[in-house]
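See below for run_24.csv, which holds CSV, C-alpha atoms.
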```csv
chain,number,residue,atom,x,y,z
J,14,MET,CA,16.3,6.6,-23.2
J,15,GLY,CA,19.0,4.9,-21.1
J,16,ASN,CA,18.3,1.8,-19.0
J,17,GLU,CA,18.3,3.8,-15.8
J,18,ASP,CA,15.6,6.1,-17.2
J,19,SER,CA,13.5,3.0,-18.0
J,20,TYR,CA,13.6,1.9,-14.3
J,21,VAL,CA,12.7,5.4,-13.1
J,22,ALA,CA,9.8,5.6,-15.6
J,23,LEU,CA,8.5,2.2,-14.4
J,24,GLY,CA,8.6,3.4,-10.8
J,25,LEU,CA,6.8,6.6,-11.7
J,26,LYS,CA,4.2,4.8,-13.7
J,27,ALA,CA,3.4,2.5,-10.7
J,28,TRP,CA,3.0,5.6,-8.5
J,29,LYS,CA,0.7,7.3,-11.0
J,30,ALA,CA,-1.4,4.2,-11.4
J,31,GLN,CA,-2.1,4.2,-7.6
J,32,ILE,CA,-2.7,8.0,-7.5
J,33,ASP,CA,-5.3,7.6,-10.3
J,34,ARG,CA,-7.0,4.9,-8.3
J,35,ALA,CA,-7.1,7.0,-5.2
J,36,ASP,CA,-8.4,10.0,-7.2
J,37,LYS,CA,-11.3,7.9,-8.4
J,38,LEU,CA,-12.0,6.4,-5.1
J,39,PHE,CA,-11.8,9.4,-2.8
J,40,GLY,CA,-12.6,12.1,-5.4
J,41,THR,CA,-16.1,10.9,-6.0
J,42,LEU,CA,-17.2,10.7,-2.4
J,43,SER,CA,-19.8,13.1,-1.0
J,44,SER,CA,-19.2,14.9,2.3
J,45,GLU,CA,-21.4,12.4,4.1
J,46,GLU,CA,-19.8,9.3,2.4
J,47,VAL,CA,-16.3,10.5,3.4
J,48,LEU,CA,-17.3,10.2,7.1
J,49,ARG,CA,-18.1,6.5,6.6
J,50,GLU,CA,-15.9,3.9,8.5
J,51,ILE,CA,-14.1,1.3,6.4
J,52,ALA,CA,-15.4,-1.3,8.9
J,53,PRO,CA,-17.3,-1.0,12.2
J,54,GLY,CA,-15.2,0.9,14.7
J,55,ARG,CA,-12.3,1.4,12.1
J,56,ASN,CA,-10.9,4.5,10.5
J,57,ARG,CA,-13.1,6.8,8.5
J,58,LEU,CA,-12.4,7.4,4.8
J,59,LEU,CA,-11.6,11.0,5.5
J,60,TYR,CA,-9.0,9.9,8.0
J,61,LEU,CA,-7.3,7.6,5.4
J,62,TRP,CA,-7.4,10.4,2.8
J,63,GLY,CA,-5.9,13.0,5.2
J,64,HIS,CA,-3.3,10.5,6.3
J,65,LEU,CA,-2.2,9.8,2.7
J,66,THR,CA,-2.1,13.5,2.0
J,67,ALA,CA,0.1,14.2,5.0
J,68,ILE,CA,2.5,11.3,4.2
J,69,HIS,CA,2.7,12.5,0.5
J,70,ASP,CA,3.3,16.1,1.7
J,71,ALA,CA,6.2,14.9,3.7
J,72,MET,CA,7.7,13.4,0.6
J,73,LEU,CA,8.4,16.9,-0.7
J,74,PRO,CA,11.3,17.7,1.7
J,75,LEU,CA,12.3,14.0,1.9
J,76,LEU,CA,13.0,14.0,-1.9
J,77,GLY,CA,14.7,17.4,-1.7
J,78,LEU,CA,12.0,19.1,-3.7
J,79,ARG,CA,10.8,21.8,-1.3
J,80,GLU,CA,9.4,22.5,2.2
J,81,ARG,CA,6.1,21.0,3.1
J,82,LEU,CA,2.8,22.6,1.9
J,83,HIS,CA,0.6,21.2,4.7
J,84,PRO,CA,2.5,20.3,7.8
J,85,GLU,CA,-0.7,21.1,9.8
J,86,LEU,CA,-2.2,17.8,8.6
J,87,ASP,CA,0.0,15.7,10.9
J,88,VAL,CA,-1.7,16.4,14.2
J,89,ALA,CA,-5.1,15.3,12.8
J,90,PHE,CA,-4.0,12.4,10.5
J,91,VAL,CA,-0.6,11.1,11.6
J,92,SER,CA,0.3,11.8,15.3
J,93,ASN,CA,-3.3,10.9,16.5
J,94,PRO,CA,-5.7,8.2,15.7
J,95,ASP,CA,-9.1,8.8,14.0
J,96,LYS,CA,-11.9,10.0,16.2
J,97,SER,CA,-9.6,11.2,19.0
J,98,ARG,CA,-10.0,14.9,18.1
J,99,ALA,CA,-13.1,17.0,17.2
J,100,ASP,CA,-11.2,19.6,15.1
J,101,ILE,CA,-9.9,17.9,12.1
J,102,PRO,CA,-9.7,19.4,8.6
J,103,SER,CA,-12.9,19.3,6.5
J,104,HIS,CA,-13.7,17.3,3.5
J,105,VAL,CA,-13.1,20.3,1.3
J,106,GLU,CA,-9.7,21.1,2.9
J,107,VAL,CA,-8.5,17.5,2.6
J,108,ARG,CA,-9.5,17.3,-1.0
J,109,GLN,CA,-7.8,20.6,-1.8
J,110,ALA,CA,-4.6,19.6,0.0
J,111,TRP,CA,-4.6,16.1,-1.6
J,112,ASN,CA,-4.7,17.8,-5.1
J,113,ASN,CA,-2.1,20.4,-4.2
J,114,VAL,CA,0.4,18.0,-2.8
J,115,ASN,CA,0.2,15.4,-5.6
J,116,ASP,CA,0.4,18.1,-8.2
J,117,GLU,CA,3.5,19.5,-6.5
J,118,LEU,CA,5.0,16.0,-6.4
J,119,SER,CA,4.3,15.5,-10.0
J,120,ARG,CA,6.0,18.7,-11.0
J,121,GLY,CA,9.0,17.8,-8.8
J,122,PHE,CA,9.3,14.3,-10.3
J,123,ALA,CA,9.3,15.9,-13.8
J,124,ARG,CA,12.4,17.9,-12.8
J,125,MET,CA,14.3,14.8,-11.5
J,126,SER,CA,16.7,12.8,-13.7
J,127,TRP,CA,17.8,9.3,-12.9
J,128,PRO,CA,20.9,10.1,-10.9
J,129,ASP,CA,18.8,12.3,-8.6
J,130,TRP,CA,16.7,9.2,-7.6
J,131,LEU,CA,19.8,7.3,-6.4
J,132,GLN,CA,20.8,10.2,-4.1
J,133,ARG,CA,20.1,10.0,-0.4
J,134,HIS,CA,16.8,11.1,0.9
J,135,SER,CA,16.8,13.9,3.5
J,136,ALA,CA,16.0,11.7,6.5
J,137,VAL,CA,19.3,9.8,6.2
J,138,SER,CA,22.7,11.4,7.1
J,139,ALA,CA,25.5,11.4,4.6
J,140,GLU,CA,27.4,9.1,6.9
J,141,ASP,CA,24.6,6.5,7.2
J,142,PHE,CA,24.0,6.8,3.4
J,143,ALA,CA,27.6,5.9,2.7
J,144,LYS,CA,27.1,2.6,4.6
J,145,ASP,CA,23.8,1.8,2.9
J,146,THR,CA,23.1,3.5,-0.5
J,147,SER,CA,19.7,1.8,-0.8
J,148,ARG,CA,18.3,4.6,1.5
J,149,ASN,CA,17.7,6.7,-1.5
J,150,ARG,CA,14.9,8.6,-3.2
J,151,PHE,CA,13.8,5.8,-5.4
J,152,ALA,CA,13.3,3.6,-2.3
J,153,ILE,CA,11.0,6.4,-0.9
J,154,LEU,CA,9.0,6.4,-4.1
J,155,LEU,CA,8.5,2.6,-4.0
J,156,SER,CA,7.7,2.5,-0.3
J,157,ARG,CA,5.2,5.4,-0.5
J,158,THR,CA,3.5,3.7,-3.5
J,159,ASN,CA,3.1,0.5,-1.4
J,160,HIS,CA,1.8,2.6,1.5
J,161,LEU,CA,-0.8,4.1,-0.8
J,162,SER,CA,-1.8,0.7,-2.1
J,163,TYR,CA,-2.1,-0.6,1.5
J,164,HIS,CA,-4.6,2.1,2.5
J,165,LEU,CA,-6.5,1.9,-0.8
J,166,GLY,CA,-7.1,-1.8,0.0
J,167,GLN,CA,-8.8,-0.6,3.2
J,168,ALA,CA,-10.6,2.4,1.7
J,169,VAL,CA,-12.3,0.3,-1.0
J,170,LEU,CA,-14.1,-1.5,1.9
J,171,GLY,CA,-15.8,1.8,2.9
J,172,ARG,CA,-17.5,2.4,-0.4
J,173,LYS,CA,-21.2,1.7,-0.7
S,27,MET,CA,27.3,-2.7,-9.0
S,28,GLY,CA,26.0,-0.7,-12.0
S,29,ASN,CA,23.1,1.8,-11.7
S,30,GLU,CA,20.7,-0.6,-13.4
S,31,ASP,CA,21.5,-3.2,-10.7
S,32,SER,CA,20.7,-0.6,-8.0
S,33,TYR,CA,17.2,-0.1,-9.3
S,34,VAL,CA,16.6,-3.8,-9.5
S,35,ALA,CA,17.9,-4.3,-6.0
S,36,LEU,CA,15.5,-1.6,-4.7
S,37,GLY,CA,12.6,-3.2,-6.4
S,38,LEU,CA,13.5,-6.6,-4.9
S,39,LYS,CA,14.0,-5.1,-1.5
S,40,ALA,CA,10.5,-3.6,-1.6
S,41,TRP,CA,9.1,-7.0,-2.7
S,42,LYS,CA,10.9,-8.7,0.1
S,43,ALA,CA,9.7,-6.2,2.7
S,44,GLN,CA,6.1,-6.9,1.9
S,45,ILE,CA,6.6,-10.7,1.7
S,46,ASP,CA,8.1,-10.5,5.2
S,47,ARG,CA,5.1,-8.6,6.5
S,48,ALA,CA,2.8,-11.1,4.9
S,49,ASP,CA,4.8,-14.0,6.4
S,50,LYS,CA,4.4,-12.5,9.9
S,51,LEU,CA,0.7,-11.6,9.5
S,52,PHE,CA,-0.6,-14.9,7.9
S,53,GLY,CA,2.1,-17.2,9.2
S,54,THR,CA,1.1,-16.7,12.9
S,55,LEU,CA,-2.6,-17.4,12.5
S,56,SER,CA,-4.3,-20.5,13.9
S,57,SER,CA,-6.6,-22.7,11.8
S,58,GLU,CA,-9.6,-20.9,13.5
S,59,GLU,CA,-8.2,-17.4,13.1
S,60,VAL,CA,-7.6,-17.9,9.3
S,61,LEU,CA,-11.3,-18.3,8.8
S,62,ARG,CA,-12.0,-14.9,10.3
S,63,GLU,CA,-13.5,-12.2,8.0
S,64,ILE,CA,-11.6,-9.0,7.6
S,65,ALA,CA,-14.9,-7.2,8.2
S,66,PRO,CA,-18.5,-8.4,8.5
S,67,GLY,CA,-19.5,-10.1,5.3
S,68,ARG,CA,-16.1,-9.6,3.7
S,69,ASN,CA,-13.4,-12.0,2.6
S,70,ARG,CA,-11.8,-14.3,5.1
S,71,LEU,CA,-8.1,-14.2,5.8
S,72,LEU,CA,-7.7,-17.7,4.2
S,73,TYR,CA,-9.2,-16.4,1.0
S,74,LEU,CA,-6.8,-13.4,0.8
S,75,TRP,CA,-3.8,-15.6,1.6
S,76,GLY,CA,-4.9,-18.2,-1.1
S,77,HIS,CA,-5.5,-15.3,-3.5
S,78,LEU,CA,-2.1,-13.9,-3.0
S,79,THR,CA,-0.5,-17.3,-3.4
S,80,ALA,CA,-2.3,-17.9,-6.7
S,81,ILE,CA,-1.3,-14.5,-8.1
S,82,HIS,CA,2.3,-15.0,-7.0
S,83,ASP,CA,2.3,-18.5,-8.5
S,84,ALA,CA,1.2,-17.0,-11.8
S,85,MET,CA,4.3,-14.7,-11.7
S,86,LEU,CA,6.5,-17.8,-12.4
S,87,PRO,CA,5.6,-18.2,-16.1
S,88,LEU,CA,4.9,-14.5,-16.4
S,89,LEU,CA,8.6,-13.7,-15.6
S,90,GLY,CA,9.8,-16.6,-17.7
S,91,LEU,CA,11.0,-18.6,-14.7
S,92,ARG,CA,9.1,-21.9,-15.0
S,93,GLU,CA,5.5,-23.4,-15.3
S,94,ARG,CA,3.1,-22.8,-12.4
S,95,LEU,CA,3.4,-24.9,-9.2
S,96,HIS,CA,-0.2,-24.5,-8.0
S,97,PRO,CA,-2.6,-23.7,-10.9
S,98,GLU,CA,-5.3,-25.5,-8.9
S,99,LEU,CA,-5.6,-22.5,-6.6
S,100,ASP,CA,-7.3,-20.3,-9.2
S,101,VAL,CA,-10.7,-21.9,-9.0
S,102,ALA,CA,-10.9,-21.3,-5.2
S,103,PHE,CA,-9.1,-18.0,-4.9
S,104,VAL,CA,-9.2,-16.1,-8.2
S,105,SER,CA,-12.0,-17.1,-10.5
S,106,ASN,CA,-14.6,-17.3,-7.7
S,107,PRO,CA,-15.4,-15.1,-4.8
S,108,ASP,CA,-15.0,-16.2,-1.2
S,109,LYS,CA,-17.7,-18.4,0.4
S,110,SER,CA,-19.0,-19.5,-3.0
S,111,ARG,CA,-17.5,-22.9,-2.9
S,112,ALA,CA,-17.3,-25.5,0.0
S,113,ASP,CA,-14.2,-27.3,-1.3
S,114,ILE,CA,-11.4,-24.8,-1.0
S,115,PRO,CA,-7.8,-25.8,-0.1
S,116,SER,CA,-7.1,-26.1,3.7
S,117,HIS,CA,-5.1,-23.8,5.9
S,118,VAL,CA,-2.2,-26.3,5.8
S,119,GLU,CA,-2.3,-26.5,2.0
S,120,VAL,CA,-2.4,-22.7,1.5
S,121,ARG,CA,0.5,-22.2,3.9
S,122,GLN,CA,2.6,-24.9,2.2
S,123,ALA,CA,1.8,-23.4,-1.3
S,124,TRP,CA,2.5,-19.9,-0.1
S,125,ASN,CA,6.0,-20.9,1.1
S,126,ASN,CA,6.7,-23.0,-2.0
S,127,VAL,CA,5.7,-20.3,-4.4
S,128,ASN,CA,7.6,-17.5,-2.7
S,129,ASP,CA,10.7,-19.6,-2.3
S,130,GLU,CA,10.6,-20.5,-6.0
S,131,LEU,CA,10.2,-16.8,-6.9
S,132,SER,CA,13.1,-15.9,-4.7
S,133,ARG,CA,15.3,-18.5,-6.4
S,134,GLY,CA,14.2,-17.3,-9.8
S,135,PHE,CA,14.9,-13.6,-8.9
S,136,ALA,CA,18.4,-14.6,-7.8
S,137,ARG,CA,19.1,-16.0,-11.4
S,138,MET,CA,17.9,-12.8,-13.1
S,139,SER,CA,20.2,-10.0,-14.1
S,140,TRP,CA,19.1,-6.4,-14.8
S,141,PRO,CA,18.7,-6.9,-18.6
S,142,ASP,CA,16.2,-9.8,-17.9
S,143,TRP,CA,14.0,-7.4,-15.9
S,144,LEU,CA,13.5,-5.1,-18.9
S,145,GLN,CA,12.5,-8.0,-21.2
S,146,ARG,CA,8.8,-8.5,-22.0
S,147,HIS,CA,6.7,-10.5,-19.7
S,148,SER,CA,5.0,-13.6,-21.2
S,149,ALA,CA,1.5,-12.2,-21.3
S,150,VAL,CA,2.5,-9.5,-23.9
S,151,SER,CA,3.3,-10.4,-27.5
S,152,ALA,CA,6.6,-9.4,-29.1
S,153,GLU,CA,4.6,-7.1,-31.4
S,154,ASP,CA,2.8,-5.3,-28.6
S,155,PHE,CA,6.0,-5.1,-26.6
S,156,ALA,CA,7.8,-3.3,-29.5
S,157,LYS,CA,5.1,-0.6,-29.2
S,158,ASP,CA,5.3,-0.3,-25.4
S,159,THR,CA,8.5,-1.6,-23.7
S,160,SER,CA,7.2,-0.7,-20.3
S,161,ARG,CA,5.2,-4.0,-20.4
S,162,ASN,CA,8.2,-5.8,-18.9
S,163,ARG,CA,9.1,-8.0,-16.0
S,164,PHE,CA,10.1,-5.1,-13.7
S,165,ALA,CA,6.7,-3.6,-14.2
S,166,ILE,CA,5.2,-7.0,-13.0
S,167,LEU,CA,7.4,-7.0,-9.9
S,168,LEU,CA,6.2,-3.5,-9.0
S,169,SER,CA,2.6,-4.1,-9.7
S,170,ARG,CA,2.5,-7.4,-7.7
S,171,THR,CA,4.3,-5.8,-4.8
S,172,ASN,CA,1.5,-3.1,-4.8
S,173,HIS,CA,-1.1,-5.9,-5.1
S,174,LEU,CA,0.4,-7.6,-2.0
S,175,SER,CA,0.4,-4.3,-0.1
S,176,TYR,CA,-3.3,-3.7,-1.1
S,177,HIS,CA,-4.4,-7.0,0.4
S,178,LEU,CA,-2.1,-6.7,3.4
S,179,GLY,CA,-4.0,-3.4,4.3
S,180,GLN,CA,-7.2,-5.5,4.3
S,181,ALA,CA,-5.7,-8.6,6.1
S,182,VAL,CA,-4.5,-6.5,9.0
S,183,LEU,CA,-8.2,-5.7,9.8
S,184,GLY,CA,-8.9,-9.3,10.4
S,185,ARG,CA,-6.4,-9.8,13.2
S,186,LYS,CA,-7.6,-9.9,16.7
```

What's the structure tokens form of this structure?
Amino acid sequence: MGNEDSYVALGLKAWKAQIDRADKLFGTLSSEEVLREIAPGRNRLLYLWGHLTAIHDAMLPLLGLRERLHPELDVAFVSNPDKSRADIPSHVEVRQAWNNVNDELSRGFARMSWPDWLQRHSAVSAEDFAKDTSRNRFAILLSRTNHLSYHLGQAVLGRK
Amino acid sequence: MGNEDSYVALGLKAWKAQIDRADKLFGTLSSEEVLREIAPGRNRLLYLWGHLTAIHDAMLPLLGLRERLHPELDVAFVSNPDKSRADIPSHVEVRQAWNNVNDELSRGFARMSWPDWLQRHSAVSAEDFAKDTSRNRFAILLSRTNHLSYHLGQAVLGRK
């Protein structure tokens, strides 16, 4: 394994560690528990879970892997705050989407070799990337891992 | 810049982004605000700030940079839960320590080249490292960046 592969493996290991924590935290909640707020008047656990699922789903095209699986999640969990809409996806739907999206990412990561990770992500133009090559796919992996950690720190407050 | 340097630069950029968020969030609090709980009955902002400072301080020897600057923080912010002791460091002391520690880390990072980051960290033996080379300094950087994000997600709940 070359040195570049070592860095990629470390980034993927950090991602996987946070995904495993999220699986344990959200995956064991009942349909009543998932509607609990993380603190009085704050987001519900289901909202955080759906939000993370939507953001991870958007990583699929961002990393050049494929089109999104669940773009319909954005209206409930990204563009609008929690408790602003009555018709949000159910506990079962969010759990299913969470699993689908992370499995698909995992399969995509397995197909990527280290030079792929240093390529531009799809939200930056070739011209802008030429000026700043740090706007690449590995940067997306690190920032989304931190985004997951950020919301896990909140979600843990909503457990019994 | 070689490819290995690119990965290290991305890891450091992610660290710096979270440090900047923490500087903004904690650095602008008054001495009253810093005693606010993130949610009823939960940790106070000062506790989270002191906790992060202690964990970052411990990175100095872990990364082979130098001995700790503020080992005295552990009793108040790591080994014991919040509100279990009357005599914890003050707002001014924590702010000073936070700045000292992160400045020292920043100087240390500037002296490290990519092969240093793939060396074992000081909490793993040479024998164990030979069996699992992922227990290196870059892994510490990524995991401490996620640890910072995790508590930032909580700290943001304590703002007005």

Please tabulate, as a Markdown table, the residues of chain J that come within 8 Å of chain S, each with its closest pair of atoms and the distance in Å to one decimal, counting only C-alpha atoms and ordering rows by chain, then residue number upward.
```
| residue | atom | partner | partner_atom | distance |
| --- | --- | --- | --- | --- |
| J:Asn16 | CA | S:Glu30 | CA | 6.5 |
| J:Glu17 | CA | S:Glu30 | CA | 5.6 |
| J:Ser19 | CA | S:Ser160 | CA | 7.7 |
| J:Tyr20 | CA | S:Tyr33 | CA | 6.5 |
| J:Leu23 | CA | S:Ala165 | CA | 6.1 |
| J:Gly24 | CA | S:Leu168 | CA | 7.5 |
| J:Ala27 | CA | S:Ser169 | CA | 6.7 |
| J:Ala52 | CA | S:Ala65 | CA | 6.0 |
| J:Pro53 | CA | S:Ala65 | CA | 7.8 |
| J:Ser147 | CA | S:Leu36 | CA | 6.7 |
| J:Phe151 | CA | S:Leu36 | CA | 7.6 |
| J:Ala152 | CA | S:Leu36 | CA | 6.1 |
| J:Leu155 | CA | S:Ala40 | CA | 6.9 |
| J:Ser156 | CA | S:Ala40 | CA | 6.8 |
| J:Thr158 | CA | S:Asn172 | CA | 7.2 |
| J:Asn159 | CA | S:Asn172 | CA | 5.2 |
| J:His160 | CA | S:Ser175 | CA | 7.2 |
| J:Ser162 | CA | S:Tyr176 | CA | 4.8 |
| J:Tyr163 | CA | S:Tyr176 | CA | 4.2 |
| J:His164 | CA | S:Gly179 | CA | 5.8 |
| J:Leu165 | CA | S:Tyr176 | CA | 6.5 |
| J:Gly166 | CA | S:Tyr176 | CA | 4.4 |
| J:Gln167 | CA | S:Gln180 | CA | 5.3 |
```

Find the residues around Leu76 (chain J) up to 10 Å (all atoms listed in the file counted), leave out those fewer than 4 positions away in its own chain, and share them as number ranges by chain. J: 71-72, 118, 121-122, 125, 129-130, 132-136, 149-151, 153-154

Would you save the residues of that selection, restricted to C-alpha atoms, as a short mmCIF file (atom, residue, chain, number, x, y, z; two decimals), keeping the file's coordinate frame?
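File written: part.cif
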```cif
data_model
loop_
_atom_site.label_atom_id
_atom_site.label_comp_id
_atom_site.auth_asym_id
_atom_site.auth_seq_id
_atom_site.Cartn_x
_atom_site.Cartn_y
_atom_site.Cartn_z
CA ALA J 71 6.20 14.90 3.70
CA MET J 72 7.70 13.40 0.60
CA LEU J 118 5.00 16.00 -6.40
CA GLY J 121 9.00 17.80 -8.80
CA PHE J 122 9.30 14.30 -10.30
CA MET J 125 14.30 14.80 -11.50
CA ASP J 129 18.80 12.30 -8.60
CA TRP J 130 16.70 9.20 -7.60
CA GLN J 132 20.80 10.20 -4.10
CA ARG J 133 20.10 10.00 -0.40
CA HIS J 134 16.80 11.10 0.90
CA SER J 135 16.80 13.90 3.50
CA ALA J 136 16.00 11.70 6.50
CA ASN J 149 17.70 6.70 -1.50
CA ARG J 150 14.90 8.60 -3.20
CA PHE J 151 13.80 5.80 -5.40
CA ILE J 153 11.00 6.40 -0.90
CA LEU J 154 9.00 6.40 -4.10
#
```

I'm after chain J in the frame of chain S: fit it by least squares over all Cα atoms matched in order, and give me the output as a short mmCIF file (atom, residue, chain, number, x, y, z; two decimals) with C-alpha atoms, in the coordinates of the input.
```cif
data_model
loop_
_atom_site.label_atom_id
_atom_site.label_comp_id
_atom_site.auth_asym_id
_atom_site.auth_seq_id
_atom_site.Cartn_x
_atom_site.Cartn_y
_atom_site.Cartn_z
CA MET J 14 27.33 -2.63 -9.00
CA GLY J 15 26.00 -0.70 -12.02
CA ASN J 16 23.14 1.80 -11.75
CA GLU J 17 20.70 -0.61 -13.33
CA ASP J 18 21.53 -3.23 -10.68
CA SER J 19 20.79 -0.60 -7.99
CA TYR J 20 17.23 -0.09 -9.38
CA VAL J 21 16.62 -3.84 -9.57
CA ALA J 22 17.89 -4.31 -5.98
CA LEU J 23 15.56 -1.52 -4.77
CA GLY J 24 12.61 -3.20 -6.47
CA LEU J 25 13.51 -6.56 -4.97
CA LYS J 26 13.98 -5.11 -1.55
CA ALA J 27 10.45 -3.54 -1.66
CA TRP J 28 9.03 -6.95 -2.65
CA LYS J 29 10.85 -8.73 0.17
CA ALA J 30 9.75 -6.17 2.70
CA GLN J 31 6.06 -6.91 1.83
CA ILE J 32 6.63 -10.71 1.75
CA ASP J 33 8.14 -10.49 5.28
CA ARG J 34 5.10 -8.59 6.43
CA ALA J 35 2.74 -11.11 4.97
CA ASP J 36 4.77 -13.98 6.49
CA LYS J 37 4.34 -12.44 9.91
CA LEU J 38 0.76 -11.66 9.46
CA PHE J 39 -0.57 -14.85 7.91
CA GLY J 40 2.12 -17.24 9.26
CA THR J 41 1.13 -16.79 12.85
CA LEU J 42 -2.57 -17.40 12.44
CA SER J 43 -4.22 -20.51 13.88
CA SER J 44 -6.58 -22.61 11.75
CA GLU J 45 -9.57 -20.98 13.41
CA GLU J 46 -8.16 -17.38 13.11
CA VAL J 47 -7.54 -17.89 9.36
CA LEU J 48 -11.32 -18.39 8.84
CA ARG J 49 -12.00 -14.94 10.33
CA GLU J 50 -13.52 -12.23 7.97
CA ILE J 51 -11.57 -9.00 7.57
CA ALA J 52 -14.90 -7.17 8.15
CA PRO J 53 -18.50 -8.40 8.52
CA GLY J 54 -19.57 -10.13 5.34
CA ARG J 55 -16.06 -9.55 3.67
CA ASN J 56 -13.40 -11.97 2.56
CA ARG J 57 -11.86 -14.38 5.00
CA LEU J 58 -8.12 -14.23 5.74
CA LEU J 59 -7.64 -17.61 4.19
CA TYR J 60 -9.22 -16.35 1.02
CA LEU J 61 -6.79 -13.35 0.86
CA TRP J 62 -3.83 -15.67 1.56
CA GLY J 63 -4.87 -18.19 -1.15
CA HIS J 64 -5.51 -15.36 -3.56
CA LEU J 65 -2.01 -13.89 -3.02
CA THR J 66 -0.50 -17.31 -3.40
CA ALA J 67 -2.26 -17.94 -6.68
CA ILE J 68 -1.34 -14.49 -8.10
CA HIS J 69 2.35 -15.03 -6.99
CA ASP J 70 2.30 -18.54 -8.56
CA ALA J 71 1.26 -17.03 -11.80
CA MET J 72 4.26 -14.77 -11.70
CA LEU J 73 6.49 -17.77 -12.35
CA PRO J 74 5.54 -18.25 -16.04
CA LEU J 75 4.87 -14.49 -16.47
CA LEU J 76 8.56 -13.75 -15.59
CA GLY J 77 9.77 -16.66 -17.73
CA LEU J 78 11.00 -18.61 -14.75
CA ARG J 79 9.01 -21.85 -15.02
CA GLU J 80 5.50 -23.37 -15.25
CA ARG J 81 3.16 -22.82 -12.39
CA LEU J 82 3.43 -24.93 -9.17
CA HIS J 83 -0.21 -24.51 -8.08
CA PRO J 84 -2.54 -23.69 -10.89
CA GLU J 85 -5.32 -25.49 -8.91
CA LEU J 86 -5.52 -22.48 -6.58
CA ASP J 87 -7.30 -20.31 -9.16
CA VAL J 88 -10.73 -21.88 -9.04
CA ALA J 89 -10.94 -21.38 -5.24
CA PHE J 90 -9.12 -17.99 -4.88
CA VAL J 91 -9.20 -16.13 -8.20
CA SER J 92 -12.06 -17.16 -10.59
CA ASN J 93 -14.65 -17.30 -7.67
CA PRO J 94 -15.40 -15.13 -4.77
CA ASP J 95 -14.94 -16.23 -1.11
CA LYS J 96 -17.66 -18.36 0.37
CA SER J 97 -19.10 -19.41 -3.00
CA ARG J 98 -17.58 -22.92 -2.85
CA ALA J 99 -17.40 -25.51 0.00
CA ASP J 100 -14.22 -27.26 -1.28
CA ILE J 101 -11.43 -24.87 -1.01
CA PRO J 102 -7.84 -25.73 -0.03
CA SER J 103 -7.11 -26.04 3.71
CA HIS J 104 -5.14 -23.85 5.93
CA VAL J 105 -2.25 -26.26 5.81
CA GLU J 106 -2.30 -26.49 1.97
CA VAL J 107 -2.42 -22.71 1.55
CA ARG J 108 0.44 -22.20 3.92
CA GLN J 109 2.52 -24.86 2.19
CA ALA J 110 1.81 -23.45 -1.27
CA TRP J 111 2.46 -19.84 -0.10
CA ASN J 112 5.98 -20.96 1.12
CA ASN J 113 6.69 -23.00 -1.98
CA VAL J 114 5.77 -20.34 -4.44
CA ASN J 115 7.64 -17.46 -2.75
CA ASP J 116 10.68 -19.61 -2.31
CA GLU J 117 10.58 -20.51 -6.00
CA LEU J 118 10.22 -16.81 -6.87
CA SER J 119 13.12 -15.94 -4.73
CA ARG J 120 15.36 -18.48 -6.36
CA GLY J 121 14.24 -17.27 -9.81
CA PHE J 122 14.90 -13.60 -8.96
CA ALA J 123 18.44 -14.61 -7.81
CA ARG J 124 19.10 -15.97 -11.32
CA MET J 125 17.90 -12.76 -13.08
CA SER J 126 20.29 -9.95 -14.08
CA TRP J 127 19.16 -6.46 -14.86
CA PRO J 128 18.64 -6.82 -18.58
CA ASP J 129 16.31 -9.77 -17.93
CA TRP J 130 13.94 -7.42 -15.95
CA LEU J 131 13.53 -5.07 -18.95
CA GLN J 132 12.48 -7.98 -21.20
CA ARG J 133 8.83 -8.51 -22.01
CA HIS J 134 6.72 -10.52 -19.70
CA SER J 135 5.01 -13.61 -21.16
CA ALA J 136 1.50 -12.14 -21.29
CA VAL J 137 2.52 -9.51 -23.87
CA SER J 138 3.29 -10.41 -27.55
CA ALA J 139 6.56 -9.39 -29.09
CA GLU J 140 4.63 -7.10 -31.38
CA ASP J 141 2.76 -5.28 -28.57
CA PHE J 142 6.06 -5.13 -26.56
CA ALA J 143 7.77 -3.33 -29.40
CA LYS J 144 5.12 -0.57 -29.21
CA ASP J 145 5.29 -0.29 -25.42
CA THR J 146 8.51 -1.56 -23.70
CA SER J 147 7.17 -0.66 -20.24
CA ARG J 148 5.23 -4.02 -20.31
CA ASN J 149 8.21 -5.72 -18.90
CA ARG J 150 9.18 -7.93 -15.98
CA PHE J 151 10.14 -5.15 -13.68
CA ALA J 152 6.65 -3.62 -14.13
CA ILE J 153 5.20 -7.05 -13.03
CA LEU J 154 7.38 -7.02 -9.94
CA LEU J 155 6.24 -3.50 -8.95
CA SER J 156 2.58 -4.15 -9.68
CA ARG J 157 2.53 -7.48 -7.78
CA THR J 158 4.24 -5.77 -4.79
CA ASN J 159 1.47 -3.11 -4.78
CA HIS J 160 -1.14 -5.87 -5.07
CA LEU J 161 0.35 -7.55 -2.03
CA SER J 162 0.39 -4.31 -0.10
CA TYR J 163 -3.27 -3.68 -1.06
CA HIS J 164 -4.46 -7.00 0.40
CA LEU J 165 -2.20 -6.74 3.46
CA GLY J 166 -3.98 -3.44 4.25
CA GLN J 167 -7.21 -5.47 4.33
CA ALA J 168 -5.81 -8.54 6.10
CA VAL J 169 -4.46 -6.49 9.03
CA LEU J 170 -8.14 -5.62 9.78
CA GLY J 171 -8.90 -9.33 10.43
CA ARG J 172 -6.38 -9.79 13.18
CA LYS J 173 -7.60 -9.92 16.76
#
```

Which residues are near Val114 (chain J)? Cut-off 10 Å, only C-alpha atoms, ignore same chain within fewer than 2 positions. Put them as a VMD selection string. chain J and resid 66 to 73 81 to 83 109 to 112 116 to 120

Write out as a PyMOL selection string which residues come within 7 Å of region 90-103 of chain J when counting all atoms listed in the file, dropping same-chain ones fewer than 5 positions away. chain J and resi 56+60+63-64
